[in-house]
$ cat entry_4.cif   # mmCIF, C-alpha atoms
data_start
#
loop_
_atom_site.label_atom_id
_atom_site.label_comp_id
_atom_site.auth_asym_id
_atom_site.auth_seq_id
_atom_site.Cartn_x
_atom_site.Cartn_y
_atom_site.Cartn_z
CA PHE A 1 161.83 181.24 95.22
CA TRP A 2 160.27 179.49 92.21
CA HIS A 3 160.12 176.15 93.99
CA ALA A 4 156.48 174.98 94.04
CA ARG A 5 156.40 174.49 97.81
CA VAL A 6 157.89 177.91 98.47
CA LEU A 7 155.35 179.51 96.14
CA ALA A 8 152.50 177.72 97.91
CA LEU A 9 153.86 178.80 101.28
CA THR A 10 154.14 182.38 100.02
CA ASP A 11 150.57 182.32 98.74
CA SER A 12 149.30 181.07 102.10
CA MET A 13 151.19 183.80 103.95
CA TYR A 14 149.82 186.43 101.57
CA ALA A 15 146.23 185.27 102.09
CA SER A 16 146.57 185.03 105.86
CA CYS A 17 148.13 188.48 106.29
CA ARG A 18 145.72 190.08 103.83
CA PHE A 19 142.77 188.93 105.89
CA TYR A 20 144.31 189.76 109.26
CA TYR A 21 145.44 193.30 108.51
CA SER A 22 142.33 194.16 106.52
CA MET A 23 140.19 193.10 109.47
CA LEU A 24 142.46 194.94 111.90
CA ALA A 25 142.24 198.17 109.89
CA TRP A 26 138.57 198.14 108.87
CA MET A 27 136.84 196.45 111.80
CA PRO A 28 136.07 199.73 113.65
CA SER A 29 134.57 201.22 110.48
CA TYR A 30 132.60 198.03 109.93
CA PHE A 31 131.20 198.19 113.45
CA ARG A 32 130.21 201.82 113.00
CA GLU A 33 128.78 201.72 109.48
CA VAL A 34 127.25 198.24 109.27
CA LEU A 35 126.44 197.27 112.84
CA GLN A 36 125.55 200.85 113.79
CA ILE A 37 127.66 200.75 116.97
CA GLN A 38 128.09 204.45 117.70
CA ASP A 39 129.07 204.18 121.38
CA LEU A 40 132.85 204.59 121.57
CA ASP A 41 133.14 202.56 124.78
CA GLY A 42 131.11 199.75 123.27
CA ALA A 43 133.12 199.86 120.03
CA ALA A 44 136.38 199.68 122.00
CA HIS A 45 135.17 196.69 124.02
CA ASN A 46 133.99 194.92 120.89
CA ALA A 47 137.24 195.62 119.02
CA VAL A 48 139.32 193.98 121.74
CA LEU A 49 137.38 190.70 121.65
CA PRO A 50 139.09 189.35 118.48
CA ALA A 51 142.51 190.09 119.98
CA ILE A 52 141.63 188.20 123.16
CA ALA A 53 140.35 185.29 121.09
CA GLY A 54 143.60 185.28 119.12
CA ILE A 55 145.67 185.10 122.32
CA VAL A 56 143.60 182.23 123.69
CA CYS A 57 143.67 180.20 120.46
CA GLY A 58 147.39 180.86 120.03
CA LEU A 59 148.01 179.36 123.48
CA ILE A 60 145.93 176.33 122.50
CA ALA A 61 147.37 175.74 119.01
CA GLY A 62 150.97 174.98 119.96
CA PRO A 63 150.35 172.42 122.72
CA THR A 64 147.62 170.76 120.63
CA ALA A 65 150.01 170.29 117.68
CA ASP A 66 152.71 168.96 120.01
CA ARG A 67 150.35 166.41 121.53
CA LEU A 68 149.19 165.24 118.12
CA MET A 69 152.76 164.76 116.93
CA ALA A 70 153.72 163.05 120.19
CA SER A 71 150.85 160.62 119.66
CA GLY A 72 152.41 159.49 116.39
CA LEU A 73 150.83 161.74 113.76
CA PRO A 74 153.46 163.00 111.28
CA ALA A 75 154.09 166.68 110.67
CA SER A 76 152.73 166.23 107.13
CA THR A 77 149.32 165.62 108.74
CA VAL A 78 149.45 167.96 111.73
CA ARG A 79 150.60 171.07 109.85
CA PRO A 80 147.81 171.01 107.23
CA LEU A 81 145.25 170.27 109.96
CA MET A 82 146.32 173.30 111.97
CA GLN A 83 146.52 175.53 108.91
CA ASN A 84 143.12 174.49 107.58
CA ILE A 85 141.63 175.36 110.94
CA ALA A 86 143.45 178.71 110.71
CA MET A 87 142.17 179.54 107.21
CA LEU A 88 138.97 177.64 106.54
CA GLY A 89 137.69 178.45 110.03
CA PRO A 90 137.84 182.25 109.48
CA ALA A 91 136.49 181.77 105.95
CA ALA A 92 133.48 179.93 107.40
CA CYS A 93 133.02 182.73 109.97
CA MET A 94 133.06 185.38 107.23
CA ALA A 95 130.54 183.38 105.18
CA ALA A 96 128.34 183.06 108.26
CA ILE A 97 128.50 186.84 108.78
CA ILE A 98 127.33 187.37 105.20
CA TRP A 99 124.45 184.98 105.82
CA ALA A 100 123.58 186.66 109.15
CA GLN A 101 123.49 190.08 107.54
CA ALA A 102 121.29 188.84 104.70
CA HIS A 103 118.78 187.34 107.17
CA ALA A 104 118.93 190.11 109.78
CA ALA A 105 115.85 192.07 110.69
CA GLY A 106 115.24 194.67 108.00
CA GLY A 107 117.83 193.08 105.70
CA ASP A 108 120.29 195.95 106.27
CA GLY A 109 122.88 194.02 108.24
CA SER A 110 122.19 195.84 111.53
CA GLY A 111 119.98 195.15 114.48
CA GLY A 112 119.59 191.40 114.80
CA ALA A 113 122.89 190.69 113.02
CA THR A 114 124.99 192.36 115.71
CA SER A 115 124.62 189.57 118.23
CA ALA A 116 125.80 187.04 115.64
CA VAL A 117 128.50 189.10 113.93
CA LEU A 118 130.51 189.97 117.03
CA PRO A 119 131.25 186.39 118.16
CA LEU A 120 131.88 185.33 114.56
CA MET A 121 134.37 188.15 114.06
CA ALA A 122 136.14 187.23 117.29
CA GLY A 123 136.12 183.56 116.29
CA ALA A 124 137.66 184.36 112.90
CA ASP A 125 140.58 186.21 114.47
CA GLY A 126 140.99 183.54 117.12
CA LEU A 127 141.07 180.63 114.68
CA LEU A 128 143.63 182.46 112.53
CA ALA A 129 146.09 182.04 115.42
CA PHE A 130 146.29 178.31 114.63
CA SER A 131 148.71 179.40 111.87
CA LEU A 132 151.33 179.49 114.61
CA ALA A 133 151.26 175.69 114.62
CA GLY A 134 150.90 175.37 110.85
CA LEU A 135 152.14 177.97 108.43
CA TYR A 136 154.78 179.49 110.67
CA CYS A 137 156.34 176.10 111.47
CA THR A 138 156.54 174.96 107.85
CA HIS A 139 159.66 176.99 107.08
CA ALA A 140 161.68 174.90 109.54
CA ASP A 141 160.00 171.72 108.30
CA LEU A 142 161.02 172.40 104.71
CA SER A 143 164.59 173.48 105.42
CA PRO A 144 166.04 174.03 108.90
CA LYS A 145 169.13 175.56 107.30
CA TYR A 146 167.22 178.18 105.32
CA ALA A 147 164.22 178.60 107.63
CA GLY A 148 165.13 182.22 108.36
CA ALA A 149 165.47 183.09 104.68
CA LEU A 150 162.19 181.37 103.85
CA LEU A 151 160.38 183.20 106.64
CA GLY A 152 161.78 186.52 105.47
CA LEU A 153 160.71 185.82 101.90
CA THR A 154 157.20 184.73 102.75
CA ASN A 155 156.80 187.46 105.36
CA PHE A 156 157.61 190.00 102.65
CA ALA A 157 154.70 188.59 100.64
CA GLY A 158 152.58 188.80 103.77
CA ALA A 159 153.46 192.48 104.16
CA LEU A 160 152.43 193.08 100.56
CA GLY A 161 149.16 191.28 101.23
CA GLY A 162 148.50 193.34 104.33
CA THR A 163 149.15 196.71 102.71
CA SER A 164 147.38 195.93 99.44
CA GLY A 165 144.42 194.34 101.24
CA VAL A 166 143.83 197.41 103.40
CA PHE A 167 144.04 199.71 100.36
CA VAL A 168 141.87 197.60 98.08
CA THR A 169 139.23 197.10 100.78
CA GLY A 170 138.91 200.84 101.31
CA LEU A 171 138.79 201.46 97.57
CA LEU A 172 136.03 198.88 97.07
CA VAL A 173 134.04 200.24 100.00
CA ASP A 174 134.19 203.73 98.47
CA GLN A 175 133.29 202.51 94.98
CA LEU A 176 130.72 199.83 95.79
CA GLY A 177 129.45 200.74 99.24
CA ASP A 178 128.98 197.03 99.97
CA TRP A 179 131.05 195.46 102.74
CA ASN A 180 130.21 191.97 101.55
CA LEU A 181 131.86 192.60 98.18
CA ALA A 182 134.63 194.79 99.55
CA PHE A 183 135.77 192.84 102.61
CA LEU A 184 133.90 189.69 103.59
CA GLY A 185 133.65 188.04 100.16
CA PRO A 186 137.31 188.63 99.15
CA SER A 187 138.40 187.36 102.57
CA VAL A 188 136.52 184.09 102.05
CA LEU A 189 138.06 183.68 98.59
CA CYS A 190 141.65 184.45 99.63
CA LEU A 191 141.55 182.23 102.71
CA THR A 192 140.08 179.32 100.75
CA LEU A 193 142.69 179.58 97.99
CA GLY A 194 145.48 179.90 100.55
CA ALA A 195 144.29 176.78 102.37
CA ALA A 196 144.10 174.84 99.10
CA ALA A 197 147.62 175.88 98.07
CA TYR A 198 149.04 174.95 101.47
CA THR A 199 147.26 171.59 101.63
CA PHE A 200 147.78 170.28 98.11
CA VAL A 201 151.05 171.91 96.98
CA CYS A 202 153.14 172.72 100.03
CA LYS A 203 154.24 169.23 101.05
CA LYS A 204 155.98 169.09 104.40
CA GLU A 205 158.89 166.80 103.54
CA PRO A 206 162.29 168.51 103.85
CA VAL A 207 163.80 170.05 100.73
CA ASP A 208 167.57 170.17 100.20
CA PHE A 209 167.86 173.53 98.48
CA ASP A 210 171.65 173.12 98.19
CA THR A 211 171.15 170.37 95.59
CA GLU A 212 168.50 172.27 93.66
CA ASP A 213 169.32 173.76 90.28
CA ASP A 214 170.94 177.11 91.05
CA SER A 215 171.25 178.28 87.45
CA PRO A 216 169.97 181.78 86.67
CA PHE A 217 166.27 182.17 85.96
CA GLY A 218 165.28 183.03 82.41
CA VAL A 219 164.32 186.55 83.44
CA GLU A 220 167.58 186.99 85.29
CA ALA A 221 169.63 185.83 82.28
CA ALA A 222 167.67 188.11 79.95
CA LEU A 223 168.22 191.13 82.20
CA ARG A 224 171.96 190.66 82.66
CA ALA A 225 172.96 192.44 79.42
CA PRO A 226 170.62 195.46 79.92
CA LEU A 227 171.69 195.80 83.56
CA ALA A 228 175.37 195.68 82.57
CA TRP A 229 174.73 198.36 79.94
CA CYS A 230 172.97 200.55 82.53
CA ARG A 231 175.86 200.10 84.96
CA ASP A 232 178.49 201.00 82.33
CA THR A 233 176.44 203.96 81.10
CA ALA A 234 176.05 205.30 84.64
CA LYS A 235 179.79 204.94 85.25
CA ALA A 236 180.62 206.75 82.00
CA GLY A 237 178.10 209.46 82.87
CA ARG A 238 179.67 210.05 86.27
CA THR A 239 183.11 210.33 84.67
CA SER A 240 181.80 212.77 82.05
CA VAL A 241 180.12 214.92 84.66
CA ALA A 242 183.30 215.04 86.74
CA ARG A 243 185.35 216.13 83.74
CA THR A 244 182.79 218.77 82.79
CA LEU A 245 182.80 220.20 86.30
CA GLU A 246 186.59 220.23 86.31
CA ARG A 247 186.69 222.16 83.05
CA ALA A 248 183.98 224.54 84.24
CA MET A 249 185.73 225.42 87.47
CA PRO A 250 187.80 228.65 87.17
CA ARG A 251 191.54 228.17 87.43
CA PRO A 252 193.78 230.68 89.23
CA PRO A 253 196.21 232.69 87.04
CA ARG A 254 199.75 231.39 86.70
CA SER A 255 201.20 234.45 88.39
CA ALA A 256 199.15 233.72 91.51
CA VAL A 257 200.33 230.11 91.47
CA ARG A 258 203.97 231.22 91.20
CA ALA A 259 203.50 233.75 94.01
CA ALA A 260 202.00 231.08 96.24
CA ARG A 261 204.93 228.77 95.55
CA ARG A 262 207.46 231.53 96.36
CA SER A 263 205.62 232.35 99.57
CA ARG A 264 205.68 228.71 100.59
CA LEU A 265 209.41 228.44 99.85
CA VAL A 266 210.17 231.62 101.85
CA SER A 267 208.14 230.31 104.80
CA GLU A 268 209.97 227.00 104.71
CA SER A 269 213.37 228.78 104.56
CA LEU A 270 212.53 231.04 107.51
CA ALA A 271 211.38 228.04 109.51
CA ALA A 272 214.66 226.25 108.77
CA VAL A 273 216.73 229.31 109.82
CA GLU A 274 214.80 229.66 113.07
CA LEU A 275 215.24 225.96 113.80
CA ALA A 276 219.01 226.19 113.19
CA ALA A 277 219.29 229.24 115.47
CA ALA A 278 217.43 227.46 118.22
CA VAL A 279 219.79 224.49 117.93
CA ASP A 280 222.84 226.80 118.16
CA VAL A 281 221.44 228.52 121.25
CA ALA A 282 220.81 225.18 122.94
CA ALA A 283 224.34 223.97 122.11
CA ALA A 284 225.97 227.14 123.43
CA ALA A 285 223.97 226.94 126.66
CA ALA A 286 225.09 223.38 127.18
CA ALA A 287 228.77 224.33 126.59
CA GLY A 288 228.64 227.33 128.97
CA GLY A 289 227.40 225.40 131.97
CA GLY A 290 223.76 225.91 131.38
CA GLN A 291 223.99 229.73 130.95
CA PRO A 292 222.67 231.04 127.64
CA PRO A 293 225.09 233.28 125.67
CA PRO A 294 224.72 237.07 126.02
CA PRO A 295 222.44 238.69 123.51
#
$ encode --input "entry_4.cif" --output "structure tokens"
Amino acid sequence: FWHARVLALTDSMYASCRFYYSMLAWMPSYFREVLQIQDLDGAAHNAVLPAIAGIVCGLIAGPTADRLMASGLPASTVRPLMQNIAMLGPAACMAAIIWAQAHAAGGDGSGGATSAVLPLMAGADGLLAFSLAGLYCTHADLSPKYAGALLGLTNFAGALGGTSGVFVTGLLVDQLGDWNLAFLGPSVLCLTLGAAAYTFVCKKEPVDFDTEDDSPFGVEAALRAPLAWCRDTAKAGRTSVARTLERAMPRPPRSAVRAARRSRLVSESLAAVELAAAVDVAAAAAAGGGQPPPP
């Protein structure tokens, strides 16, 4: 995990998912509060445009990357190109939305800004789909053997980015009341930093993680003794609780125990006698030609 390329890949996934899920969650509120789109049918139609743009750009990204690599460009060039389109493109769209709102009629971000914001928002979501030919292919480029593990690790960071981004955006909107500071500005910053980390740190040459130093991290080594103490303490606690419960449970009197033993012995003796009688009856019937003896 602490490998520089894996960290850069994780940072890029965090930034990408933070932007995507924040936009997905807060776009209807943004349309209603900033663009003053109160018509539910119109809001629904506008909200579906970014998704359509994402589908179209996703269908374009893969074949474009394949053609570039087939023409002779190495993956170390194609992947950053696709990922910079996927991150710097939406960042530029968000910056353009901020500019459009600042120069809209009345300066309140509504009215004249609506015609510019809607295509820019759709373009941002569409360009983000180029990550399919960049970020999401890098795991296999770095290590085909551990591509699944790398994707799971970075996707976990992406989930954290998505959940925290939605929460922080709502908190900032409530506290500041400014969508530029709460959503658009942080999106530009995160996407730019993610693109820089991917481009300059996450090199695309394969990494043989099997030959990497697999010694415990400093934190892991420092936590081994406390974790062992916690494990032993919990085990001793469970044993102590079990003994306490055993002592606390009422025991039957000895006379009852002896009576139960005698009853069990009598039952076993009667069962043995009945079994022996049944065997004698069967033997006598066999000796008498199949007729059971008289009672």
$ closest_atom_pairs --input "entry_4.cif" --of "stretch 112-207 of chain A" --to "stretch 45-63 of chain A" --cutoff "9 Å" --atoms "all atoms listed in the file" --output "JSON lines"
{"residue": "A:Leu118", "atom": "CA", "partner": "A:Asn46", "partner_atom": "CA", "distance": 7.2}
{"residue": "A:Pro119", "atom": "CA", "partner": "A:Leu49", "partner_atom": "CA", "distance": 8.3}
{"residue": "A:Met121", "atom": "CA", "partner": "A:Pro50", "partner_atom": "CA", "distance": 6.6}
{"residue": "A:Ala122", "atom": "CA", "partner": "A:Pro50", "partner_atom": "CA", "distance": 3.8}
{"residue": "A:Gly123", "atom": "CA", "partner": "A:Ala53", "partner_atom": "CA", "distance": 6.6}
{"residue": "A:Ala124", "atom": "CA", "partner": "A:Pro50", "partner_atom": "CA", "distance": 7.6}
{"residue": "A:Asp125", "atom": "CA", "partner": "A:Pro50", "partner_atom": "CA", "distance": 5.3}
{"residue": "A:Gly126", "atom": "CA", "partner": "A:Gly54", "partner_atom": "CA", "distance": 3.7}
{"residue": "A:Leu127", "atom": "CA", "partner": "A:Cys57", "partner_atom": "CA", "distance": 6.4}
{"residue": "A:Leu128", "atom": "CA", "partner": "A:Gly54", "partner_atom": "CA", "distance": 7.2}
{"residue": "A:Ala129", "atom": "CA", "partner": "A:Gly58", "partner_atom": "CA", "distance": 4.9}
{"residue": "A:Phe130", "atom": "CA", "partner": "A:Ala61", "partner_atom": "CA", "distance": 5.2}
{"residue": "A:Ser131", "atom": "CA", "partner": "A:Ala61", "partner_atom": "CA", "distance": 8.1}
{"residue": "A:Leu132", "atom": "CA", "partner": "A:Gly58", "partner_atom": "CA", "distance": 6.8}
{"residue": "A:Ala133", "atom": "CA", "partner": "A:Gly62", "partner_atom": "CA", "distance": 5.4}
{"residue": "A:Gly134", "atom": "CA", "partner": "A:Ala61", "partner_atom": "CA", "distance": 8.9}
$ atom_distance --input "entry_4.cif" --atom1 "atom CA of A:Asp66" --atom2 "atom CA of A:Phe156"
27.7 Å
$ closest_residue --input "entry_4.cif" --among "A:Ala147, A:Cys202, A:Ala195, A:Ala248" --to "A:Gly89" --atoms "all atoms listed in the file"
A:Ala195
$ closest_residue --input "entry_4.cif" --among "A:Met94, A:Val266, A:Val201, A:Ala15" --to "A:Ser76" --atoms "all atoms listed in the file"
A:Val201
$ axis_aligned_box --input "entry_4.cif" --around "stretch 144-149 of chain A" --padding-each-side "4 Å" --output "lines of an AutoDock Vina configuration file"
center_x = 166.7
center_y = 178.6
center_z = 106.8
size_x = 12.9
size_y = 17.1
size_z = 12.2
$ resolve_selection --input "entry_4.cif" --expression "the PyMOL selection byres ((chain A and resi 88) around 10)" --output "list in words"
Gln83, Asn84, Ile85, Ala86, Met87, Gly89, Pro90, Ala91, Ala92, Cys93, Met94, Ala124, Leu127, Leu128, Val188, Leu191, Thr192, Leu193, Gly194, Ala195 and Ala196 of chain A
$ write_last_selection --input "entry_4.cif" --atoms "C-alpha atoms" --output "short mmCIF file (atom, residue, chain, number, x, y, z; two decimals), in the coordinates of the input"
data_model
loop_
_atom_site.label_atom_id
_atom_site.label_comp_id
_atom_site.auth_asym_id
_atom_site.auth_seq_id
_atom_site.Cartn_x
_atom_site.Cartn_y
_atom_site.Cartn_z
CA GLN A 83 146.52 175.53 108.91
CA ASN A 84 143.12 174.49 107.58
CA ILE A 85 141.63 175.36 110.94
CA ALA A 86 143.45 178.71 110.71
CA MET A 87 142.17 179.54 107.21
CA GLY A 89 137.69 178.45 110.03
CA PRO A 90 137.84 182.25 109.48
CA ALA A 91 136.49 181.77 105.95
CA ALA A 92 133.48 179.93 107.40
CA CYS A 93 133.02 182.73 109.97
CA MET A 94 133.06 185.38 107.23
CA ALA A 124 137.66 184.36 112.90
CA LEU A 127 141.07 180.63 114.68
CA LEU A 128 143.63 182.46 112.53
CA VAL A 188 136.52 184.09 102.05
CA LEU A 191 141.55 182.23 102.71
CA THR A 192 140.08 179.32 100.75
CA LEU A 193 142.69 179.58 97.99
CA GLY A 194 145.48 179.90 100.55
CA ALA A 195 144.29 176.78 102.37
CA ALA A 196 144.10 174.84 99.10
#
$ atom_distance --input "entry_4.cif" --atom1 "atom CA of A:Thr10" --atom2 "atom CA of A:Ala157"
6.3 Å
$ atom_distance --input "entry_4.cif" --atom1 "atom CA of A:Val166" --atom2 "atom CA of A:Tyr14"
12.6 Å
